[in-house]
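J.: final_34.cif is reproduced in full below (mmCIF, C-alpha atoms).
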```cif
data_coords
#
loop_
_atom_site.group_PDB
_atom_site.id
_atom_site.type_symbol
_atom_site.label_atom_id
_atom_site.label_comp_id
_atom_site.auth_asym_id
_atom_site.auth_seq_id
_atom_site.Cartn_x
_atom_site.Cartn_y
_atom_site.Cartn_z
ATOM 1 C CA MET L 1 238.366 137.425 145.480
ATOM 2 C CA GLN L 2 235.984 140.344 145.836
ATOM 3 C CA TYR L 3 232.536 139.285 147.029
ATOM 4 C CA LEU L 4 229.523 141.572 146.865
ATOM 5 C CA SER L 5 226.624 140.763 149.193
ATOM 6 C CA THR L 6 224.571 143.936 149.112
ATOM 7 C CA HIS L 7 221.406 142.034 148.216
ATOM 8 C CA SER L 8 222.318 138.763 149.910
ATOM 9 C CA SER L 9 219.867 136.969 152.194
ATOM 10 C CA MET L 10 222.905 136.459 154.443
ATOM 11 C CA LEU L 11 223.461 140.207 154.800
ATOM 12 C CA PRO L 12 221.965 140.476 158.356
ATOM 13 C CA LEU L 13 224.335 137.729 159.523
ATOM 14 C CA PHE L 14 227.350 139.283 157.804
ATOM 15 C CA GLN L 15 226.584 142.693 159.291
ATOM 16 C CA TYR L 16 226.353 141.134 162.751
ATOM 17 C CA LEU L 17 229.624 139.195 162.430
ATOM 18 C CA GLU L 18 231.462 142.213 161.043
ATOM 19 C CA LYS L 19 230.852 144.002 164.334
ATOM 20 C CA PHE L 20 233.535 141.668 165.677
ATOM 21 C CA HIS L 21 235.931 141.470 162.710
ATOM 22 C CA PRO L 22 235.918 142.173 158.944
ATOM 23 C CA LEU L 23 234.913 139.191 156.797
ATOM 24 C CA SER L 24 236.852 138.019 153.761
ATOM 25 C CA GLY L 25 235.104 137.414 150.458
ATOM 26 C CA GLU L 26 235.932 133.719 150.706
ATOM 27 C CA PHE L 27 234.292 133.493 154.140
ATOM 28 C CA LYS L 28 231.139 135.156 152.828
ATOM 29 C CA ALA L 29 231.025 132.922 149.751
ATOM 30 C CA SER L 30 231.277 129.807 151.927
ATOM 31 C CA TYR L 31 228.431 130.962 154.174
ATOM 32 C CA GLU L 32 226.312 131.970 151.184
ATOM 33 C CA LYS L 33 226.679 128.460 149.806
ATOM 34 C CA ASN L 34 226.010 126.492 152.998
ATOM 35 C CA CYS L 35 223.615 128.547 155.157
ATOM 36 C CA LYS L 36 219.909 128.901 154.529
ATOM 37 C CA VAL L 37 217.083 131.183 155.578
ATOM 38 C CA ILE L 38 214.186 129.526 157.413
ATOM 39 C CA HIS L 39 210.788 130.855 158.478
ATOM 40 C CA VAL L 40 209.126 129.536 161.648
ATOM 41 C CA LYS L 41 205.544 130.354 162.580
ATOM 42 C CA LYS L 42 204.516 131.602 166.019
ATOM 43 C CA TYR L 43 204.595 128.883 168.713
ATOM 44 C CA LYS L 44 206.224 126.333 166.380
ATOM 45 C CA HIS L 45 209.572 124.782 167.265
ATOM 46 C CA VAL L 46 212.774 125.945 165.643
ATOM 47 C CA LEU L 47 214.349 122.833 167.154
ATOM 48 C CA SER L 48 213.261 120.073 169.542
ATOM 49 C CA PRO L 49 214.839 116.908 171.011
ATOM 50 C CA ILE L 50 213.459 114.816 168.139
ATOM 51 C CA ASP L 51 215.402 116.927 165.614
ATOM 52 C CA ASN L 52 219.077 116.626 164.769
ATOM 53 C CA ASN L 53 220.956 119.408 166.556
ATOM 54 C CA THR L 54 223.302 120.182 163.661
ATOM 55 C CA SER L 55 223.123 123.978 163.384
ATOM 56 C CA LEU L 56 223.294 127.273 165.172
ATOM 57 C CA TYR L 57 220.820 129.986 164.153
ATOM 58 C CA PHE L 58 221.034 133.707 163.597
ATOM 59 C CA LEU L 59 217.703 135.252 164.599
ATOM 60 C CA VAL L 60 217.022 137.911 161.962
ATOM 61 C CA SER L 61 213.611 138.889 163.327
ATOM 62 C CA GLY L 62 211.089 137.641 165.854
ATOM 63 C CA LEU L 63 211.288 136.277 169.384
ATOM 64 C CA VAL L 64 212.541 132.839 170.464
ATOM 65 C CA ARG L 65 212.703 131.122 173.829
ATOM 66 C CA GLY L 66 214.749 128.152 174.947
ATOM 67 C CA PHE L 67 213.168 125.693 177.359
ATOM 68 C CA VAL L 68 213.506 122.214 178.825
ATOM 69 C CA LYS L 69 210.822 119.851 180.085
ATOM 70 C CA ASP L 70 210.452 118.527 183.611
ATOM 71 C CA GLY L 71 207.650 115.984 183.396
ATOM 72 C CA LYS L 72 204.622 117.857 182.083
ATOM 73 C CA LYS L 73 206.069 121.234 183.035
ATOM 74 C CA ASP L 74 208.354 123.264 180.813
ATOM 75 C CA ILE L 75 211.013 125.595 182.174
ATOM 76 C CA SER L 76 212.102 128.631 180.150
ATOM 77 C CA THR L 77 215.888 128.971 180.165
ATOM 78 C CA TRP L 78 216.497 132.025 177.919
ATOM 79 C CA PHE L 79 214.888 134.429 175.467
ATOM 80 C CA SER L 80 216.252 135.999 172.282
ATOM 81 C CA PHE L 81 214.819 139.193 170.852
ATOM 82 C CA GLY L 82 216.723 139.065 167.563
ATOM 83 C CA ASN L 83 219.995 140.066 165.941
ATOM 84 C CA GLU L 84 222.024 137.394 167.714
ATOM 85 C CA ILE L 85 223.184 133.814 167.314
ATOM 86 C CA ILE L 86 221.251 131.179 169.248
ATOM 87 C CA GLY L 87 221.321 127.410 169.592
ATOM 88 C CA ALA L 88 220.373 124.421 171.701
ATOM 89 C CA ILE L 89 222.549 122.845 174.391
ATOM 90 C CA ARG L 90 225.441 120.926 172.813
ATOM 91 C CA HIS L 91 228.474 119.350 174.483
ATOM 92 C CA PRO L 92 231.653 120.847 172.996
ATOM 93 C CA PHE L 93 233.320 117.433 172.473
ATOM 94 C CA ASP L 94 230.578 114.786 172.565
ATOM 95 C CA HIS L 95 228.625 115.880 169.486
ATOM 96 C CA ASP L 96 225.384 114.025 170.074
ATOM 97 C CA ASN L 97 222.924 114.876 167.306
ATOM 98 C CA HIS L 98 220.108 115.628 169.750
ATOM 99 C CA SER L 99 219.574 118.062 172.613
ATOM 100 C CA ILE L 100 217.288 118.093 175.647
ATOM 101 C CA GLU L 101 216.469 121.703 174.852
ATOM 102 C CA TYR L 102 213.608 123.106 172.778
ATOM 103 C CA LEU L 103 213.784 126.324 170.750
ATOM 104 C CA GLN L 104 210.316 127.826 170.273
ATOM 105 C CA ALA L 105 209.222 130.820 168.219
ATOM 106 C CA LEU L 106 207.057 133.181 170.274
ATOM 107 C CA GLU L 107 206.452 135.322 167.172
ATOM 108 C CA ASP L 108 206.710 134.590 163.462
ATOM 109 C CA CYS L 109 210.478 134.331 163.017
ATOM 110 C CA VAL L 110 213.068 134.588 160.277
ATOM 111 C CA LEU L 111 216.337 132.780 161.018
ATOM 112 C CA ILE L 112 219.526 131.832 159.217
ATOM 113 C CA SER L 113 220.613 128.243 159.833
ATOM 114 C CA ILE L 114 224.398 127.894 160.219
ATOM 115 C CA PRO L 115 225.592 124.246 160.154
ATOM 116 C CA TYR L 116 228.110 123.271 162.818
ATOM 117 C CA ASN L 117 230.266 121.537 160.203
ATOM 118 C CA LEU L 118 230.499 124.841 158.320
ATOM 119 C CA ILE L 119 231.606 126.624 161.499
ATOM 120 C CA GLU L 120 234.277 123.985 162.165
ATOM 121 C CA ALA L 121 235.545 124.226 158.578
ATOM 122 C CA ALA L 122 235.654 128.027 158.822
ATOM 123 C CA TYR L 123 237.932 127.788 161.880
ATOM 124 C CA SER L 124 240.428 125.863 159.749
ATOM 125 C CA HIS L 125 240.265 128.021 156.625
ATOM 126 C CA TYR L 126 239.513 131.622 157.644
ATOM 127 C CA PRO L 127 241.532 133.393 160.380
ATOM 128 C CA GLU L 128 238.661 135.791 161.133
ATOM 129 C CA ALA L 129 236.435 132.839 162.109
ATOM 130 C CA ASN L 130 238.572 132.103 165.164
ATOM 131 C CA LEU L 131 238.582 135.736 166.300
ATOM 132 C CA ILE L 132 234.829 136.051 165.849
ATOM 133 C CA GLY L 133 234.212 132.704 167.540
ATOM 134 C CA ARG L 134 236.217 133.779 170.596
ATOM 135 C CA LYS L 135 234.300 137.034 170.942
ATOM 136 C CA LEU L 136 230.956 135.278 170.521
ATOM 137 C CA PHE L 137 231.966 132.747 173.168
ATOM 138 C CA GLU L 138 232.745 135.599 175.568
ATOM 139 C CA LEU L 139 229.309 137.144 174.953
ATOM 140 C CA HIS L 140 227.474 133.857 175.462
ATOM 141 C CA TYR L 141 229.508 132.992 178.558
ATOM 142 C CA TYR L 142 228.646 136.372 180.077
ATOM 143 C CA ALA L 143 224.933 135.907 179.292
ATOM 144 C CA ALA L 144 224.958 132.393 180.787
ATOM 145 C CA SER L 145 226.684 133.675 183.933
ATOM 146 C CA ASP L 146 224.116 136.454 184.271
ATOM 147 C CA ARG L 147 221.272 133.914 184.011
ATOM 148 C CA ALA L 148 222.992 131.723 186.620
ATOM 149 C CA ILE L 149 223.187 134.662 189.047
ATOM 150 C CA LEU L 150 219.507 135.467 188.450
ATOM 151 C CA ALA L 151 218.510 131.872 189.210
ATOM 152 C CA ARG L 152 220.383 131.944 192.531
ATOM 153 C CA ILE L 153 218.759 135.070 193.938
ATOM 154 C CA PRO L 154 216.493 133.588 196.656
ATOM 155 C CA ASN L 155 213.960 136.433 196.725
ATOM 156 C CA ALA L 156 211.377 136.340 193.906
ATOM 157 C CA SER L 157 210.822 140.104 193.981
ATOM 158 C CA LYS L 158 214.548 140.743 193.588
ATOM 159 C CA ARG L 159 214.739 138.273 190.688
ATOM 160 C CA TYR L 160 211.905 140.147 188.994
ATOM 161 C CA ARG L 161 213.597 143.516 189.555
ATOM 162 C CA LYS L 162 216.894 142.234 188.141
ATOM 163 C CA LEU L 163 215.049 140.989 185.067
ATOM 164 C CA GLU L 164 213.437 144.401 184.623
ATOM 165 C CA ALA L 165 216.778 146.155 184.986
ATOM 166 C CA ASN L 166 218.478 144.441 182.050
ATOM 167 C CA GLY L 167 216.616 146.626 179.548
ATOM 168 C CA LEU L 168 215.339 143.867 177.237
ATOM 169 C CA ALA L 169 211.786 143.865 175.870
ATOM 170 C CA PHE L 170 210.398 141.268 178.275
ATOM 171 C CA ASP L 171 206.960 142.861 177.992
ATOM 172 C CA LYS L 172 206.717 140.997 174.652
ATOM 173 C CA VAL L 173 207.070 137.615 176.385
ATOM 174 C CA PRO L 174 203.884 135.838 177.560
ATOM 175 C CA LYS L 175 203.673 136.046 181.349
ATOM 176 C CA ARG L 176 203.540 132.280 181.859
ATOM 177 C CA TYR L 177 206.941 131.897 180.185
ATOM 178 C CA LEU L 178 208.444 134.693 182.247
ATOM 179 C CA ALA L 179 207.116 133.076 185.404
ATOM 180 C CA SER L 180 208.745 129.745 184.540
ATOM 181 C CA TYR L 181 212.007 131.582 183.722
ATOM 182 C CA LEU L 182 211.945 133.205 187.171
ATOM 183 C CA GLY L 183 211.003 129.953 188.879
ATOM 184 C CA ILE L 184 207.737 131.275 190.328
ATOM 185 C CA ARG L 185 204.032 130.708 189.816
ATOM 186 C CA LEU L 186 202.153 132.926 187.393
ATOM 187 C CA GLU L 187 199.993 134.266 190.245
ATOM 188 C CA THR L 188 203.105 135.231 192.208
ATOM 189 C CA MET L 189 204.621 137.059 189.270
ATOM 190 C CA SER L 190 201.384 138.941 188.600
ATOM 191 C CA ARG L 191 201.261 140.026 192.241
ATOM 192 C CA ILE L 192 204.904 141.168 192.185
ATOM 193 C CA SER L 193 204.555 143.061 188.893
ATOM 194 C CA THR L 194 201.410 144.835 190.127
ATOM 195 C CA LYS L 195 203.132 145.806 193.378
ATOM 196 C CA PHE L 196 206.120 147.287 191.547
ATOM 197 C CA LEU L 197 203.911 149.052 189.004
ATOM 198 C CA VAL L 198 201.985 150.786 191.786
ATOM 199 C CA ALA L 199 205.220 151.665 193.596
ATOM 200 C CA ASP L 200 206.776 153.107 190.418
ATOM 201 C CA LEU L 201 203.682 155.160 189.640
ATOM 202 C CA HIS L 202 203.617 156.485 193.188
ATOM 203 C CA ALA L 203 207.329 157.406 192.994
ATOM 204 C CA ALA L 204 206.804 159.227 189.692
ATOM 205 C CA SER L 205 203.845 161.301 190.944
#
```
Could you show the structure in this file as structure tokens?
T.:
Amino acid sequence: MQYLSTHSSMLPLFQYLEKFHPLSGEFKASYEKNCKVIHVKKYKHVLSPIDNNTSLYFLVSGLVRGFVKDGKKDISTWFSFGNEIIGAIRHPFDHDNHSIEYLQALEDCVLISIPYNLIEAAYSHYPEANLIGRKLFELHYYAASDRAILARIPNASKRYRKLEANGLAFDKVPKRYLASYLGIRLETMSRISTKFLVADLHAAS
């Protein structure tokens, strides 16, 4: 079956997945039928522990952070700047419908909701789904490992420098969320960023 999706609302997702493997018309038709586009306003939750954790999300545009709560304090765990698949913590075998993790929009966001049951069905029916899933797993495992290394660097200045070096647009993230991601106080991060800014300006002059 030939499937044309030139004007499809799923087109950003299809273009992303086709970086890993071509998609069959049947695969696209199934995703067209079962996925949906959602709009989330700035600082609203895409997902929280009171919601059923039944979908992954493709972030079409905007900025999202993941975080968990420790008492009254929240701890940022990751940031997404768009054009990637994101989701809350979910055990691969014990499919509890809730997660301890929050997904929060830091800008007005457009996302595509991809139900987990659709993903599981795709593995059974479309060979490309398994190839794409493996490659996505590799990407997410690498990103998680990189975050784990960052968290274990004992020196706050070196953690900040490593964050700067990854090339992502962290200047778009509110400083208080970056500070919690780095495990330091906001005042400490401001002091470190000012010190490096002065040093970089001096080196460039």
J.: If you measure from atom CA of Ser8 of chain L to atom CA of His39 of chain L, what distance in Å do you get, rounded to one decimal?
T.: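 Atom CA of Ser8 of chain L sits 16.4 Å away from atom CA of His39 of chain L.
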J.: Name the residues that the PyMOL selection byres ((chain L and resi 139-155) around 10) picks from the file above, as a compact mmCIF listing (two decimals) with C-alpha atoms, in the coordinates of the input, using the file's chain letters and numbers.
T.:
```
# COMPACT_ATOMS: atom_id res chain seq x y z
CA THR L 77 215.89 128.97 180.16
CA TRP L 78 216.50 132.02 177.92
CA ILE L 85 223.18 133.81 167.31
CA ILE L 86 221.25 131.18 169.25
CA GLY L 133 234.21 132.70 167.54
CA ARG L 134 236.22 133.78 170.60
CA LYS L 135 234.30 137.03 170.94
CA LEU L 136 230.96 135.28 170.52
CA PHE L 137 231.97 132.75 173.17
CA GLU L 138 232.74 135.60 175.57
CA ALA L 156 211.38 136.34 193.91
CA SER L 157 210.82 140.10 193.98
CA LYS L 158 214.55 140.74 193.59
CA ARG L 159 214.74 138.27 190.69
CA TYR L 160 211.90 140.15 188.99
CA LYS L 162 216.89 142.23 188.14
CA LEU L 163 215.05 140.99 185.07
CA TYR L 181 212.01 131.58 183.72
CA LEU L 182 211.94 133.21 187.17
CA GLY L 183 211.00 129.95 188.88
```
J.: What is the atom CA of Arg65 of chain L to atom CA of Ala105 of chain L distance in Å?
T.: 6.6 Å
J.: Between atom CA of Ser193 of chain L and atom CA of Leu106 of chain L, what distance in Å does the model show, to one decimal?
T.: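 About the pair atom CA of Ser193 of chain L and atom CA of Leu106 of chain L: they are 21.2 Å apart.
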J.: Could you tell me, as a list in words, exactly which residues end up selected when the PyMOL selection byres ((chain L and resi 116) around 12) is applied to this structure?
T.: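 Selected by the PyMOL selection byres ((chain L and resi 116) around 12) here: Tyr31, Asn34, Cys35, Asn52, Asn53, Thr54, Ser55, Leu56, Tyr57, Gly87, Ala88, Arg90, Pro92, His95, Asn97, Ser113, Ile114, Pro115, Asn117, Leu118, Ile119, Glu120, Ala121, Ala122 and Tyr123 of chain L.
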J.: List the spatial neighbours of segment 18-24 of chain L as a ChimeraX atom specification - criterion: any atom at most 10 Å away, all atoms listed in the file, same-chain residues fewer than 3 positions off excluded.
T.: /L:1-3,13-15,27-29,126-129,131-136
J.: Considering all atoms listed in the file, can you say which of L:Gln104, L:Leu47, L:Gly62, L:Phe81 comes closest to Leu168 of chain L?
T.: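 Of all the options, L:Phe81 lies closest to Leu168 of chain L.
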J.: Find, counting only C-alpha atoms, the residue in L:Arg185, L:Arg161, L:His125, L:Lys69 that gets nearest to Pro49 of chain L.
T.: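 Smallest separation from Pro49 of chain L among the options: L:Lys69.
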